[in-house]
file work.txt (compact mmCIF, C-alpha atoms)
# COMPACT_ATOMS: atom_id res chain seq x y z
CA MET G 1 -53.18 34.33 -17.79
CA ALA G 2 -51.78 37.68 -18.86
CA ARG G 3 -51.48 40.49 -16.33
CA GLY G 4 -52.84 43.92 -17.08
CA PRO G 5 -50.91 47.13 -17.19
CA ARG G 6 -52.13 48.08 -13.69
CA ALA G 7 -50.71 44.88 -12.22
CA ASP G 8 -47.39 45.47 -13.96
CA ALA G 9 -47.30 49.03 -12.71
CA GLY G 10 -48.13 47.92 -9.17
CA SER G 11 -45.43 45.25 -9.16
CA ALA G 12 -42.91 47.71 -10.56
CA ALA G 13 -43.84 50.27 -7.91
CA GLY G 14 -43.53 47.61 -5.21
CA THR G 15 -40.13 46.60 -6.51
CA ALA G 16 -39.00 50.21 -6.59
CA GLY G 17 -40.35 50.78 -3.10
CA GLY G 18 -38.57 47.69 -1.78
CA GLY G 19 -35.33 48.78 -3.37
CA SER G 20 -35.58 52.25 -1.86
CA ALA G 21 -36.35 50.72 1.55
CA ALA G 22 -33.32 48.45 1.24
CA ARG G 23 -31.11 51.38 0.34
CA ARG G 24 -32.52 53.58 3.13
CA PRO G 25 -29.67 54.78 5.41
CA PRO G 26 -29.81 53.78 9.11
CA ARG G 27 -31.45 56.18 11.50
CA PRO G 28 -29.18 58.53 13.45
CA GLY G 29 -30.55 57.14 16.74
CA THR G 30 -29.54 53.61 15.79
CA VAL G 31 -25.98 54.68 15.01
CA ALA G 32 -25.73 56.59 18.31
CA ARG G 33 -27.06 53.62 20.24
CA ALA G 34 -24.58 51.28 18.60
CA ALA G 35 -21.76 53.71 19.39
CA ARG G 36 -22.81 53.83 23.07
CA VAL G 37 -22.94 50.04 23.26
CA LEU G 38 -19.48 49.78 21.68
CA ALA G 39 -18.09 52.37 24.09
CA ALA G 40 -19.61 50.49 27.03
CA TYR G 41 -17.98 47.25 25.90
CA LEU G 42 -14.62 48.99 25.54
CA VAL G 43 -14.86 50.50 29.02
CA ALA G 44 -15.84 47.10 30.45
CA LEU G 45 -12.90 45.47 28.68
CA LEU G 46 -10.47 48.07 30.02
CA THR G 47 -11.89 47.55 33.52
CA VAL G 48 -11.70 43.77 33.45
CA ALA G 49 -8.35 43.51 31.63
CA PRO G 50 -6.15 44.08 34.75
CA LEU G 51 -8.16 41.49 36.68
CA LEU G 52 -7.76 38.97 33.88
CA TRP G 53 -4.04 39.69 33.71
CA LEU G 54 -3.76 39.18 37.49
CA LEU G 55 -5.65 35.89 37.31
CA LEU G 56 -3.57 34.62 34.39
CA SER G 57 -0.27 35.69 35.93
CA ALA G 58 -1.07 33.85 39.15
CA PHE G 59 -1.05 30.59 37.17
CA ARG G 60 2.14 31.36 35.22
CA PRO G 61 5.44 29.67 36.01
CA ALA G 62 8.12 31.92 37.44
CA GLY G 63 10.09 32.05 34.18
CA GLU G 64 7.11 33.29 32.14
CA LEU G 65 5.74 35.89 34.56
CA PHE G 66 6.67 38.99 32.56
CA GLU G 67 6.23 37.55 29.07
CA LEU G 68 3.52 38.83 26.76
CA GLY G 69 0.85 36.54 25.42
CA LEU G 70 -0.56 33.33 26.80
CA PRO G 71 1.74 31.07 28.85
CA ASP G 72 2.93 27.75 27.53
CA GLU G 73 1.62 25.98 30.62
CA LEU G 74 -0.42 26.77 33.71
CA THR G 75 0.62 25.70 37.17
CA LEU G 76 -0.88 25.54 40.65
CA ALA G 77 2.53 25.58 42.33
CA ASN G 78 2.22 29.28 43.19
CA PHE G 79 -1.00 28.73 45.13
CA ALA G 80 0.35 25.57 46.76
CA TYR G 81 3.41 27.44 48.01
CA VAL G 82 1.38 30.33 49.42
CA LEU G 83 -1.07 28.01 51.20
CA THR G 84 1.59 25.66 52.63
CA GLU G 85 4.82 27.61 53.14
CA VAL G 86 3.19 30.89 54.24
CA PRO G 87 0.56 31.17 57.03
CA PHE G 88 -1.82 32.70 54.50
CA LEU G 89 -4.81 30.69 55.67
CA ARG G 90 -4.31 32.32 59.07
CA TYR G 91 -4.32 35.73 57.44
CA LEU G 92 -7.56 34.89 55.61
CA ALA G 93 -9.15 33.62 58.83
CA ASN G 94 -8.19 36.80 60.71
CA SER G 95 -9.67 38.99 58.00
CA ALA G 96 -12.85 36.91 57.96
CA ILE G 97 -13.23 37.10 61.75
CA VAL G 98 -12.68 40.85 61.86
CA SER G 99 -14.84 41.64 58.81
CA VAL G 100 -17.81 39.46 59.80
CA THR G 101 -17.76 40.58 63.45
CA VAL G 102 -17.48 44.27 62.62
CA THR G 103 -20.25 43.99 60.02
CA ALA G 104 -22.67 42.21 62.38
CA ILE G 105 -22.09 44.57 65.32
CA ALA G 106 -22.13 47.67 63.12
CA LEU G 107 -25.44 46.78 61.46
CA LEU G 108 -27.12 46.23 64.83
CA LEU G 109 -25.79 49.37 66.50
CA HIS G 110 -26.12 51.59 63.43
CA SER G 111 -29.73 50.59 62.88
CA MET G 112 -30.52 51.39 66.52
CA ALA G 113 -28.82 54.78 66.34
CA ALA G 114 -30.46 55.60 63.01
CA TYR G 115 -33.92 54.67 64.35
CA ALA G 116 -33.42 56.86 67.39
CA LEU G 117 -32.25 59.80 65.28
CA ALA G 118 -35.12 59.39 62.81
CA ARG G 119 -38.12 58.45 64.97
CA ILE G 120 -37.52 59.31 68.62
CA ALA G 121 -37.90 62.97 69.58
CA PHE G 122 -35.37 64.03 72.23
CA ARG G 123 -33.52 67.19 73.08
CA GLY G 124 -30.34 67.66 71.06
CA ARG G 125 -31.27 65.18 68.33
CA GLY G 126 -30.22 67.54 65.54
CA ILE G 127 -26.92 68.30 67.25
CA ALA G 128 -26.22 64.60 67.72
CA PHE G 129 -26.93 63.87 64.07
CA ALA G 130 -24.76 66.78 62.95
CA ALA G 131 -21.91 65.49 65.12
CA VAL G 132 -22.23 62.04 63.57
CA VAL G 133 -22.18 63.43 60.03
CA ALA G 134 -19.25 65.72 60.88
CA THR G 135 -17.07 62.68 61.55
CA LEU G 136 -17.18 61.94 57.82
CA LEU G 137 -14.82 64.89 57.38
CA ILE G 138 -12.15 63.24 59.56
CA SER G 139 -9.97 60.63 57.91
CA LEU G 140 -8.18 57.82 59.72
CA PRO G 141 -4.60 59.18 59.35
CA VAL G 142 -5.66 62.33 61.26
CA ILE G 143 -6.80 60.40 64.33
CA LEU G 144 -4.44 57.45 64.01
CA VAL G 145 -2.10 58.44 66.87
CA PRO G 146 -4.77 59.43 69.44
CA LEU G 147 -6.82 56.36 68.54
CA PHE G 148 -3.81 54.12 69.07
CA LEU G 149 -3.13 55.77 72.44
CA VAL G 150 -6.71 55.12 73.55
CA VAL G 151 -6.58 51.50 72.38
CA ARG G 152 -3.25 50.98 74.16
CA ALA G 153 -4.62 52.51 77.37
CA LEU G 154 -7.53 50.05 77.20
CA GLY G 155 -5.13 47.13 76.76
CA MET G 156 -6.42 46.14 73.34
CA VAL G 157 -3.15 46.27 71.37
CA ASP G 158 -2.30 42.97 69.67
CA SER G 159 -5.78 41.57 70.18
CA TYR G 160 -8.92 40.96 68.16
CA ALA G 161 -10.67 43.62 70.23
CA GLY G 162 -8.20 46.23 69.00
CA LEU G 163 -8.91 45.21 65.42
CA ILE G 164 -12.69 45.08 65.82
CA VAL G 165 -13.86 47.80 68.22
CA PRO G 166 -12.43 50.89 66.43
CA GLY G 167 -13.90 49.69 63.14
CA VAL G 168 -17.49 49.39 64.36
CA PHE G 169 -18.45 53.06 64.13
CA ASN G 170 -19.25 54.27 60.63
CA ALA G 171 -21.10 57.53 60.18
CA PHE G 172 -22.08 56.68 56.62
CA GLY G 173 -24.12 53.68 57.78
CA ILE G 174 -25.97 55.72 60.39
CA PHE G 175 -26.67 58.49 57.89
CA LEU G 176 -27.94 56.11 55.20
CA LEU G 177 -30.19 54.16 57.57
CA ARG G 178 -31.60 57.36 59.10
CA GLN G 179 -32.56 58.67 55.68
CA PHE G 180 -34.23 55.34 54.94
CA TYR G 181 -36.16 55.31 58.21
CA LEU G 182 -37.47 58.82 57.55
CA GLY G 183 -39.29 57.39 54.54
CA VAL G 184 -41.02 54.61 56.49
CA PRO G 185 -44.77 55.43 56.83
CA ARG G 186 -45.66 56.60 60.31
CA GLU G 187 -48.99 54.78 60.08
CA LEU G 188 -47.12 51.53 60.72
CA GLU G 189 -45.69 52.88 63.97
CA GLU G 190 -49.02 54.31 65.02
CA ALA G 191 -50.71 50.97 64.45
CA ALA G 192 -48.00 49.28 66.51
CA HIS G 193 -48.48 51.86 69.29
CA LEU G 194 -52.19 51.03 69.37
CA ASP G 195 -51.28 47.38 69.83
CA GLY G 196 -49.20 48.30 72.87
CA CYS G 197 -45.74 48.15 71.32
CA GLY G 198 -42.95 50.33 72.63
CA HIS G 199 -40.01 51.73 70.71
CA TRP G 200 -37.99 48.52 71.06
CA ARG G 201 -40.72 46.24 69.70
CA ILE G 202 -41.49 48.69 66.89
CA TYR G 203 -37.81 48.77 65.96
CA TRP G 204 -37.37 45.00 66.13
CA HIS G 205 -40.65 43.80 64.60
CA VAL G 206 -41.62 46.63 62.23
CA VAL G 207 -38.72 48.85 61.20
CA LEU G 208 -35.91 46.29 61.08
CA PRO G 209 -37.70 43.83 58.72
CA LEU G 210 -38.52 46.70 56.37
CA SER G 211 -34.86 47.71 56.18
CA ARG G 212 -33.48 44.34 55.06
CA PRO G 213 -32.46 45.56 51.57
CA MET G 214 -30.61 48.54 53.05
CA LEU G 215 -28.97 46.38 55.73
CA ALA G 216 -27.87 43.87 53.09
CA ALA G 217 -26.29 46.62 51.01
CA LEU G 218 -24.51 48.05 54.05
CA ALA G 219 -23.32 44.56 54.96
CA VAL G 220 -21.61 44.29 51.57
CA LEU G 221 -20.00 47.71 51.93
CA PHE G 222 -18.87 47.12 55.53
CA PHE G 223 -17.44 43.69 54.74
CA LEU G 224 -15.48 44.96 51.74
CA ALA G 225 -14.17 47.97 53.67
CA ASN G 226 -12.95 45.88 56.61
CA TRP G 227 -11.56 43.11 54.41
CA ASN G 228 -9.46 45.65 52.50
CA SER G 229 -8.37 47.66 55.56
CA PHE G 230 -4.61 48.01 55.91
CA LEU G 231 -3.47 51.04 57.91
CA TRP G 232 -5.20 50.36 61.22
CA PRO G 233 -4.44 46.59 61.35
CA LEU G 234 -0.82 47.38 60.53
CA THR G 235 -0.70 49.86 63.42
CA VAL G 236 -2.50 47.97 66.17
CA ALA G 237 -1.39 44.37 65.55
CA GLN G 238 2.31 43.54 65.50
CA ASP G 239 1.79 39.86 66.33
CA GLU G 240 2.10 37.75 63.19
CA SER G 241 -0.76 35.50 64.30
CA LEU G 242 -3.09 38.53 64.15
CA ARG G 243 -2.11 39.73 60.69
CA VAL G 244 -4.98 40.31 58.32
CA VAL G 245 -4.75 39.44 54.66
CA GLN G 246 -3.76 42.89 53.37
CA VAL G 247 -0.92 43.19 55.87
CA GLY G 248 0.11 39.65 55.01
CA ILE G 249 0.34 40.50 51.30
CA ALA G 250 2.42 43.57 52.13
CA SER G 251 4.82 41.39 54.13
CA LEU G 252 5.05 38.97 51.21
CA GLN G 253 6.06 41.83 48.93
CA GLY G 254 9.01 42.51 51.21
CA GLN G 255 10.05 38.90 51.68
CA TYR G 256 9.49 37.77 48.09
CA ALA G 257 10.48 40.85 46.13
CA SER G 258 12.14 38.67 43.51
CA LYS G 259 9.30 36.12 43.45
CA GLN G 260 6.31 38.14 42.44
CA HIS G 261 4.40 35.08 41.24
CA TYR G 262 3.81 34.16 44.88
CA VAL G 263 2.55 37.66 45.62
CA LEU G 264 0.16 37.52 42.67
CA ALA G 265 -1.19 34.16 43.80
CA ALA G 266 -1.77 35.59 47.28
CA ALA G 267 -3.55 38.60 45.77
CA VAL G 268 -5.91 36.32 43.84
CA LEU G 269 -6.72 34.35 47.00
CA ALA G 270 -7.38 37.59 48.87
CA ALA G 271 -9.64 38.93 46.13
CA LEU G 272 -11.85 35.84 45.84
CA PRO G 273 -13.96 36.50 48.99
CA THR G 274 -14.60 40.11 47.99
CA VAL G 275 -15.70 39.09 44.51
CA LEU G 276 -18.04 36.42 45.90
CA VAL G 277 -19.56 38.79 48.46
CA PHE G 278 -20.12 41.45 45.82
CA LEU G 279 -21.67 39.00 43.37
CA PHE G 280 -24.10 37.69 45.98
CA GLY G 281 -24.93 41.14 47.32
CA GLN G 282 -25.02 43.28 44.18
CA ARG G 283 -28.78 42.83 43.71
CA ARG G 284 -29.47 44.06 47.24
CA LEU G 285 -27.03 46.91 46.71
CA VAL G 286 -28.85 48.09 43.58
CA GLU G 287 -32.22 47.75 45.32
CA SER G 288 -31.04 49.88 48.22
CA LEU G 289 -29.77 52.59 45.89
CA LYS G 290 -33.11 52.66 44.06
CA THR G 291 -35.00 52.74 47.36
CA SER G 292 -32.89 55.56 48.78
CA GLY G 293 -33.59 57.65 45.68
CA MET G 294 -37.38 57.33 45.97
CA ARG G 295 -38.19 60.19 48.33

call {"tool": "encode", "arguments": {"input": "work.txt", "output": "structure tokens"}}
result
Amino acid sequence: MARGPRADAGSAAGTAGGGSAARRPPRPGTVARAARVLAAYLVALLTVAPLLWLLLSAFRPAGELFELGLPDELTLANFAYVLTEVPFLRYLANSAIVSVTVTAIALLLHSMAAYALARIAFRGRGIAFAAVVATLLISLPVILVPLFLVVRALGMVDSYAGLIVPGVFNAFGIFLLRQFYLGVPRELEEAAHLDGCGHWRIYWHVVLPLSRPMLAALAVLFFLANWNSFLWPLTVAQDESLRVVQVGIASLQGQYASKQHYVLAAAVLAALPTVLVFLFGQRRLVESLKTSGMR
């Protein structure tokens, strides 16, 4: 069956239209989006590259530590030496004890202080909050000597108490929790008051369960900060049995200056807990940041 001239013209127009669509240049927005994605991948690669190099170097033999490219063989001897010939497990245990204890005590006390500053009306509340925030301007090296003198006068040098007690106070945690509690609806507290609840029961049964995402995020931040602390543990604990992991790695750098593969293996072991804590807590951390921005 022969086609008419209209059908031929329509098919020719369709073919021309398809060809023009195929030759249509990409939209400027698509090119910009692809460029942003490529830039993000490059930044991520540059960020992860030192970590990958550290992980790979920890498995290298001593003779191939500073060679470029992939090693000929991977070995666990570096980790075995650090875990058996050096009291590194003790260092890890000390850091875990200090970090977990400080985090637990700080979350309890900071949430109490933040609730009082946000919900309980008392004389001098604004001055107290301003004094707490003002401590953010003071860094640890400024108060290191007077703090050490106070700790020594209390008999807490070379003890877990000296490592834990000065690290409990953190003005950032109080500030962040106070801002969160200011956004909690007062109707919940009023309903609890009608049921006969006092401030303690309102804090424990109403406010504290609502602040779980914020407390989880602060737990991640407090744990990482205390796990990576170096200056204060170095100052207050001279006993080797009380060394935390960062001080232990620093001592390894002095003892094994010519054997950096042991130091790199120790650094990988010290970084594993922080990576795991961050991976498990990153969702809560993002949720708390989104919640704190909704005011």

call {"tool": "closest_residue", "arguments": {"input": "work.txt", "among": "G:Ala113, G:Ala40, G:Ile164, G:Leu154", "to": "Leu176 of chain G", "atoms": "all atoms listed in the file"}}
result
G:Ala113

call {"tool": "residues_around", "arguments": {"input": "work.txt", "residues": "Glu187 of chain G", "least_positions_apart": "5", "cutoff": "12 Å", "atoms": "only C-alpha atoms", "output": "tab-separated table (two decimals) with C-alpha atoms, in the frame of the given file"}}
result
chain	number	residue	atom	x	y	z
G	192	ALA	CA	-48.00	49.28	66.51
G	193	HIS	CA	-48.48	51.86	69.29
G	194	LEU	CA	-52.19	51.03	69.37
G	202	ILE	CA	-41.49	48.69	66.89
G	206	VAL	CA	-41.62	46.63	62.23
G	207	VAL	CA	-38.72	48.85	61.20

call {"tool": "residues_around", "arguments": {"input": "work.txt", "residues": "Leu264 of chain G", "least_positions_apart": "6", "cutoff": "8 Å", "atoms": "all atoms listed in the file", "output": "CSV table (one decimal) with C-alpha atoms, in the coordinates of the input"}}
result
chain,number,residue,atom,x,y,z
G,54,LEU,CA,-3.8,39.2,37.5
G,57,SER,CA,-0.3,35.7,35.9
G,58,ALA,CA,-1.1,33.8,39.2

call {"tool": "atom_distance", "arguments": {"input": "work.txt", "atom1": "atom CA of Phe172 of chain G", "atom2": "atom CA of Pro141 of chain G"}}
result
17.9 Å

call {"tool": "closest_residue", "arguments": {"input": "work.txt", "among": "G:Val245, G:Val48, G:Val37, G:Val157", "to": "Ala96 of chain G", "atoms": "only C-alpha atoms"}}
result
G:Val245

call {"tool": "closest_residue", "arguments": {"input": "work.txt", "among": "G:Ala216, G:Leu65, G:Ala161, G:Val184", "to": "Tyr203 of chain G", "atoms": "all atoms listed in the file"}}
result
G:Val184

call {"tool": "residues_around", "arguments": {"input": "work.txt", "residues": "segment 74-83 of chain G", "least_positions_apart": "2", "cutoff": "8 Å", "atoms": "all atoms listed in the file", "output": "VMD selection string"}}
result
chain G and resid 58 to 61 71 to 72 85 to 89 261 to 262 265 to 266

call {"tool": "atom_distance", "arguments": {"input": "work.txt", "atom1": "atom CA of Ser111 of chain G", "atom2": "atom CA of Leu215 of chain G"}}
result
8.3 Å

call {"tool": "atom_distance", "arguments": {"input": "work.txt", "atom1": "atom CA of Gln238 of chain G", "atom2": "atom CA of Leu109 of chain G"}}
result
28.7 Å

call {"tool": "closest_residue", "arguments": {"input": "work.txt", "among": "G:Ala32, G:Leu68, G:Val247, G:Leu208", "to": "Leu231 of chain G", "atoms": "only C-alpha atoms"}}
result
G:Val247

call {"tool": "residues_around", "arguments": {"input": "work.txt", "residues": "segment 278-283 of chain G", "least_positions_apart": "4", "cutoff": "9 Å", "atoms": "all atoms listed in the file", "output": "PyMOL selection string"}}
result
chain G and resi 216-217+219-221+224+273-274+287-288

call {"tool": "residues_around", "arguments": {"input": "work.txt", "residues": "Leu140 of chain G", "least_positions_apart": "6", "cutoff": "12 Å", "atoms": "only C-alpha atoms", "output": "ChimeraX atom specification"}}
result
/G:146-148,166-167,170,229-233,235

call {"tool": "closest_residue", "arguments": {"input": "work.txt", "among": "G:Leu46, G:Cys197, G:Ala237, G:Ala114", "to": "Val132 of chain G", "atoms": "only C-alpha atoms"}}
result
G:Ala114

call {"tool": "axis_aligned_box", "arguments": {"input": "work.txt", "around": "segment 70-82 of chain G", "padding_each_side": "3 Å", "output": "AutoDock Vina command-line options"}}
result
--center_x 1.2 --center_y 29.4 --center_z 38.1 --size_x 10.4 --size_y 13.8 --size_z 28.6

call {"tool": "closest_residue", "arguments": {"input": "work.txt", "among": "G:Ala191, G:Ala270, G:Val98, G:Leu163", "to": "Phe222 of chain G", "atoms": "only C-alpha atoms"}}
result
G:Val98
